[in-house]
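Structure below is final.cif: mmCIF, C-alpha atoms and all ligand atoms.
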```cif
data_structure
loop_
_atom_site.label_atom_id
_atom_site.label_comp_id
_atom_site.auth_asym_id
_atom_site.auth_seq_id
_atom_site.Cartn_x
_atom_site.Cartn_y
_atom_site.Cartn_z
CA MET A 602 0.34 -16.97 -12.73
CA ASN A 603 0.70 -15.27 -9.38
CA VAL A 604 0.21 -11.67 -8.34
CA VAL A 605 1.92 -9.79 -5.54
CA PHE A 606 0.33 -6.50 -4.50
CA ASP A 607 1.81 -3.60 -2.62
CA LEU A 608 -0.69 -2.24 -0.04
CA ASP A 609 -0.56 1.54 0.48
CA ASP A 610 -1.58 3.64 -2.52
CA THR A 611 -1.93 0.49 -4.60
CA ILE A 612 -4.98 -1.26 -3.15
CA HIS A 613 -5.40 0.89 -0.02
CA ASP A 614 -6.52 4.46 -0.74
CA LYS A 615 -4.09 5.90 1.79
CA SER A 616 -4.79 9.60 1.24
CA ALA A 617 -8.56 9.14 1.59
CA SER A 618 -8.04 7.11 4.78
CA LEU A 619 -5.62 9.65 6.22
CA GLU A 620 -7.99 12.50 5.52
CA LYS A 621 -10.82 10.80 7.39
CA CYS A 622 -8.57 9.81 10.27
CA GLY A 623 -7.05 13.30 10.52
CA GLY A 624 -10.54 14.80 10.68
CA ALA A 625 -11.56 12.41 13.45
CA LEU A 626 -8.40 13.15 15.47
CA PHE A 627 -9.08 16.85 15.09
CA GLU A 628 -12.67 16.44 16.34
CA GLU A 629 -11.55 14.42 19.31
CA TYR A 630 -8.56 16.44 20.49
CA LEU A 631 -8.47 19.86 18.86
CA SER A 632 -12.00 21.06 18.10
CA GLU A 633 -12.04 23.32 21.17
CA THR A 634 -8.82 25.05 20.14
CA GLU A 635 -8.06 27.87 17.70
CA ILE A 636 -6.47 25.43 15.29
CA ASN A 637 -8.03 25.37 11.82
CA ARG A 638 -9.42 21.95 10.93
CA GLN A 639 -8.48 21.98 7.26
CA THR A 640 -4.92 23.19 7.83
CA PHE A 641 -4.41 20.56 10.51
CA VAL A 642 -5.76 17.74 8.33
CA GLU A 643 -3.55 18.86 5.44
CA SER A 644 -0.44 18.82 7.66
CA PHE A 645 -1.47 15.47 9.09
CA VAL A 646 -1.80 13.89 5.63
CA ARG A 647 1.46 15.47 4.43
CA GLU A 648 3.49 14.34 7.46
CA ASN A 649 2.16 10.81 7.11
CA TYR A 650 3.53 10.66 3.57
CA VAL A 651 7.05 11.49 4.78
CA ILE A 652 9.08 8.34 5.44
CA GLN A 653 9.61 8.75 9.18
CA ALA A 654 8.56 7.07 12.41
CA LYS A 655 4.98 7.86 13.47
CA VAL A 656 6.39 9.30 16.74
CA GLU A 657 8.05 11.95 14.55
CA VAL A 658 4.80 12.71 12.74
CA PHE A 659 3.01 13.59 15.98
CA ARG A 660 6.08 15.35 17.42
CA LYS A 661 6.13 17.68 14.41
CA LEU A 662 2.38 18.29 14.52
CA ALA A 663 2.57 19.10 18.24
CA LEU A 664 5.36 21.59 17.58
CA ALA A 665 3.62 23.18 14.60
CA TYR A 666 0.24 23.53 16.33
CA SER A 667 1.52 23.98 19.90
CA PHE A 668 -0.54 21.30 21.56
CA PRO A 669 0.65 19.68 24.81
CA GLU A 670 2.69 16.49 25.09
CA ARG A 671 -0.24 14.66 26.65
CA VAL A 672 -2.35 15.29 23.53
CA GLU A 673 0.58 14.31 21.30
CA THR A 674 0.96 10.95 23.08
CA GLU A 675 -2.77 10.24 23.14
CA MET A 676 -3.17 11.10 19.48
CA LEU A 677 -0.35 8.78 18.45
CA ASP A 678 -1.86 6.00 20.50
CA ARG A 679 -5.30 6.62 19.03
CA PHE A 680 -3.85 6.71 15.52
CA ASP A 681 -1.99 3.41 15.95
CA ASN A 682 -5.05 1.68 17.33
CA THR A 683 -7.77 3.09 15.10
CA PHE A 684 -6.29 4.03 11.73
CA HIS A 685 -7.40 0.76 10.16
CA GLN A 686 -11.02 1.67 10.93
CA PHE A 687 -10.69 4.56 8.47
CA SER A 688 -9.00 2.46 5.81
CA GLU A 689 -10.62 2.39 2.40
CA ARG A 690 -9.72 0.31 -0.58
CA PHE A 691 -9.76 1.64 -4.10
CA ASP A 692 -12.85 0.87 -6.18
CA TYR A 693 -12.94 -2.49 -7.94
CA VAL A 694 -10.20 -4.00 -5.77
CA SER A 695 -12.43 -6.69 -4.30
CA GLU A 696 -13.91 -7.45 -7.75
CA THR A 697 -10.35 -7.82 -9.05
CA PHE A 698 -9.39 -10.15 -6.22
CA SER A 699 -12.48 -12.34 -6.74
CA PHE A 700 -11.72 -12.46 -10.45
CA LEU A 701 -8.12 -13.55 -9.83
CA ARG A 702 -9.20 -16.15 -7.32
CA ASN A 703 -11.68 -17.58 -9.85
CA GLU A 704 -8.86 -17.72 -12.38
CA GLY A 705 -6.88 -19.84 -9.93
CA VAL A 706 -4.24 -17.15 -9.39
CA GLN A 707 -2.30 -17.05 -6.11
CA ILE A 708 -2.35 -13.60 -4.50
CA ALA A 709 0.19 -12.19 -2.03
CA CYS A 710 0.78 -8.87 -0.31
CA LEU A 711 4.20 -7.29 0.20
CA THR A 712 4.14 -4.09 2.21
CA ASN A 713 6.52 -1.80 4.07
CA GLY A 714 5.46 -0.84 7.57
CA ARG A 715 4.95 -2.06 11.09
CA ASP A 716 3.51 -5.56 11.14
CA PHE A 717 0.45 -4.99 13.38
CA PHE A 718 -0.37 -1.72 11.63
CA GLN A 719 -0.27 -3.14 8.09
CA ARG A 720 -2.11 -6.35 9.04
CA ASN A 721 -4.86 -4.40 10.81
CA LYS A 722 -5.40 -2.42 7.61
CA ILE A 723 -5.49 -5.53 5.42
CA SER A 724 -8.11 -7.14 7.60
CA ALA A 725 -10.16 -3.92 7.86
CA LEU A 726 -10.10 -3.66 4.07
CA GLY A 727 -11.71 -7.11 3.97
CA LEU A 728 -8.92 -8.57 1.85
CA GLU A 729 -7.15 -10.90 4.27
CA GLU A 730 -8.94 -14.03 3.03
CA TYR A 731 -7.65 -13.56 -0.52
CA PHE A 732 -3.96 -13.58 0.36
CA GLU A 733 -1.96 -16.77 0.26
CA VAL A 734 0.93 -14.91 1.82
CA ILE A 735 1.27 -11.54 3.58
CA ILE A 736 4.77 -10.19 4.16
CA THR A 737 5.43 -6.95 6.05
CA SER A 738 8.84 -5.33 6.34
CA GLY A 739 8.16 -4.91 10.06
CA GLU A 740 8.04 -8.66 10.50
CA PHE A 741 10.68 -9.60 7.94
CA GLY A 742 13.26 -7.07 9.10
CA VAL A 743 14.20 -5.40 5.80
CA LYS A 744 12.19 -3.04 3.63
CA LYS A 745 11.46 -2.79 -0.06
CA PRO A 746 13.41 -1.96 -2.27
CA ASP A 747 15.75 -4.56 -0.71
CA GLN A 748 15.54 -7.55 -3.06
CA ALA A 749 15.72 -9.99 -0.15
CA ILE A 750 12.12 -9.29 0.81
CA PHE A 751 10.95 -9.85 -2.78
CA LYS A 752 12.84 -13.15 -2.91
CA PHE A 753 11.20 -14.13 0.35
CA VAL A 754 7.70 -13.62 -1.10
CA ILE A 755 8.55 -15.64 -4.21
CA ASP A 756 9.98 -18.44 -2.06
CA SER A 757 6.98 -18.35 0.27
CA LEU A 758 4.62 -18.75 -2.69
CA GLN A 759 6.94 -21.43 -4.13
CA VAL A 760 6.76 -19.90 -7.61
CA ASN A 761 9.03 -18.57 -10.35
CA ALA A 762 9.66 -14.85 -10.66
CA GLY A 763 8.87 -15.01 -14.38
CA SER A 764 5.30 -16.16 -13.79
CA THR A 765 4.70 -13.60 -11.05
CA VAL A 766 3.26 -10.12 -11.48
CA PHE A 767 4.06 -7.29 -9.07
CA VAL A 768 1.54 -4.45 -8.78
CA GLY A 769 2.78 -1.35 -6.95
CA ASP A 770 2.72 2.45 -7.01
CA SER A 771 6.38 3.15 -6.23
CA LEU A 772 8.98 3.08 -8.97
CA LYS A 773 11.85 2.94 -6.49
CA ALA A 774 10.45 0.55 -3.89
CA ASP A 775 8.28 -1.69 -6.09
CA MET A 776 9.03 -1.55 -9.83
CA ILE A 777 12.84 -1.44 -9.95
CA PRO A 778 13.58 -4.33 -7.56
CA ALA A 779 10.71 -6.45 -8.95
CA LYS A 780 11.99 -6.02 -12.52
CA LYS A 781 15.58 -6.76 -11.46
CA LEU A 782 14.38 -10.10 -10.09
CA GLY A 783 12.53 -10.90 -13.31
CA LEU A 784 8.94 -10.32 -12.21
CA ILE A 785 6.35 -8.82 -14.55
CA THR A 786 5.80 -5.26 -13.35
CA VAL A 787 2.55 -3.30 -13.22
CA TRP A 788 2.83 0.33 -12.15
CA LYS A 789 -0.29 1.65 -10.40
CA THR A 790 -0.26 5.26 -11.52
CA ASP A 791 -2.21 8.10 -13.12
CA ASP A 792 0.92 9.09 -15.02
CA LYS A 793 0.23 9.00 -18.75
CA THR A 794 3.59 10.21 -20.04
CA THR A 795 6.40 8.41 -18.18
CA ASN A 796 7.31 4.95 -19.48
CA PRO A 797 10.28 3.64 -17.49
CA GLU A 798 12.07 0.60 -18.95
CA TYR A 799 11.44 -1.43 -15.78
CA VAL A 800 7.66 -1.02 -16.06
CA ASP A 801 5.91 -3.63 -18.23
CA PHE A 802 2.34 -2.37 -17.82
CA LYS A 803 0.54 0.58 -16.27
CA LEU A 804 -2.75 0.53 -14.38
CA SER A 805 -4.60 3.70 -13.41
CA HIS A 806 -7.85 2.14 -12.13
CA PHE A 807 -8.80 -1.39 -11.09
CA ARG A 808 -11.78 -1.09 -13.43
CA GLU A 809 -9.25 -1.80 -16.18
CA PHE A 810 -7.63 -4.77 -14.49
CA ARG A 811 -9.34 -7.51 -16.51
CA LYS A 812 -8.22 -5.96 -19.78
CA LEU A 813 -4.71 -5.69 -18.37
CA TRP A 814 -4.85 -9.31 -17.26
CA GLU A 815 -5.64 -10.41 -20.80
CA ALA A 816 -2.59 -8.54 -22.07
CA ILE A 817 -0.38 -10.03 -19.36
CA SER A 818 -1.65 -13.56 -20.03
CA LEU A 819 -1.11 -13.10 -23.74
CA GLY A 820 2.45 -11.90 -23.12
CA ALA A 821 3.17 -14.83 -20.81
CA ALA A 822 1.83 -17.31 -23.40
CA THR A 823 3.93 -15.73 -26.17
CA SER A 824 7.15 -15.77 -24.16
CA LYS A 825 6.65 -19.45 -23.35
CA SER A 826 6.19 -20.56 -26.98
MG MG B 1 2.73 1.86 -1.98
#
```

Could you show the structure in this file as structure tokens?
Amino acid sequence: MNVVFDLDDTIHDKSASLEKCGGALFEEYLSETEINRQTFVESFVRENYVIQAKVEVFRKLALAYSFPERVETEMLDRFDNTFHQFSERFDYVSETFSFLRNEGVQIACLTNGRDFFQRNKISALGLEEYFEVIITSGEFGVKKPDQAIFKFVIDSLQVNAGSTVFVGDSLKADMIPAKKLGLITVWKTDDKTTNPEYVDFKLSHFREFRKLWEAISLGAATSKS
């Protein structure tokens, strides 16, 4: 068995990291202004969840809070170079990775985003050593949900889709294309009610991963016999 993990909001607690980073940017550049810290941090987190270039994020914040272009440029630069330092992984992620490694499972990461930015986060999260393969859309040239990038991970690991599990938080970018290619899909979500046909398993907290792994292994054994 092999497991491919999405990064942001799957193993990386993106909203917690953004909140800390937004607070630090506020302290550094805006604490002497009239701007309210909490409102700024909220806008910062929200804009970073919109799929748009980071230049756009800081452009919009500068317009909304009327800070000068110099601050806008410096903030963007600071964000690009330091965001990984604020990165936090979800609880029990490293325990899960150690467990999988002990089970002899190959682990890969497939993430959308700029190559340096995503890789900096992975190494700051302390997870780099676990990954056999790390693929970023920035380096590969196409983004999830394009199936080509999923095929590339499977080929890089030299495995079959059917014996590979994909763990991700996005139905559109992770679950649908993974299922179409025949991978076993695990949706990282707090959603208790939605059960899309292309989701095989749900995971709300990595605390429950070992139990989930037993179910997956059982399913894989049954489908083989
Ligand atoms: Mg994600």

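The two atoms in question, atom CA of A:Asp792 and atom CA of A:Gly769, are spaced 13.3 Å apart.
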
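Compared by their closest atoms to A:Leu804, and using all atoms listed in the file, the residues A:Met602, A:Ile750, A:Val743, A:Ile612 rank with A:Ile612 nearest.
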
key: Interatomic distance (Å, one decimal) between atom CA of A:Val642 and atom CA of A:Gly727   = 25.9 Å

query = Quick one: residues within 7 Å of stretch 762-766 of chain A, all atoms listed in the file counted, chain neighbours fewer than 2 positions away excluded, as a ChimeraX atom specification?
reply = /A:602-605,755,760,768,782-786

request  = Select the residues contacting ligand MG 1 (chain B) at a distance of at most 7 Å, based on only C-alpha atoms and all ligand atoms, then format the selection as a list in words.
outcome  =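 Residues lying within 7 Å of ligand MG 1 (chain B): Asp607, Leu608, Asp609, Asp610, Thr611, Gly769, Asp770 and Ser771 of chain A.
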
ask   = Any idea what's packed within 8 Å of A:Lys655, counting only C-alpha atoms, ignoring anything in its chain fewer than 4 positions away? Could you give it as number ranges by chain?
value = A: 649, 659, 677
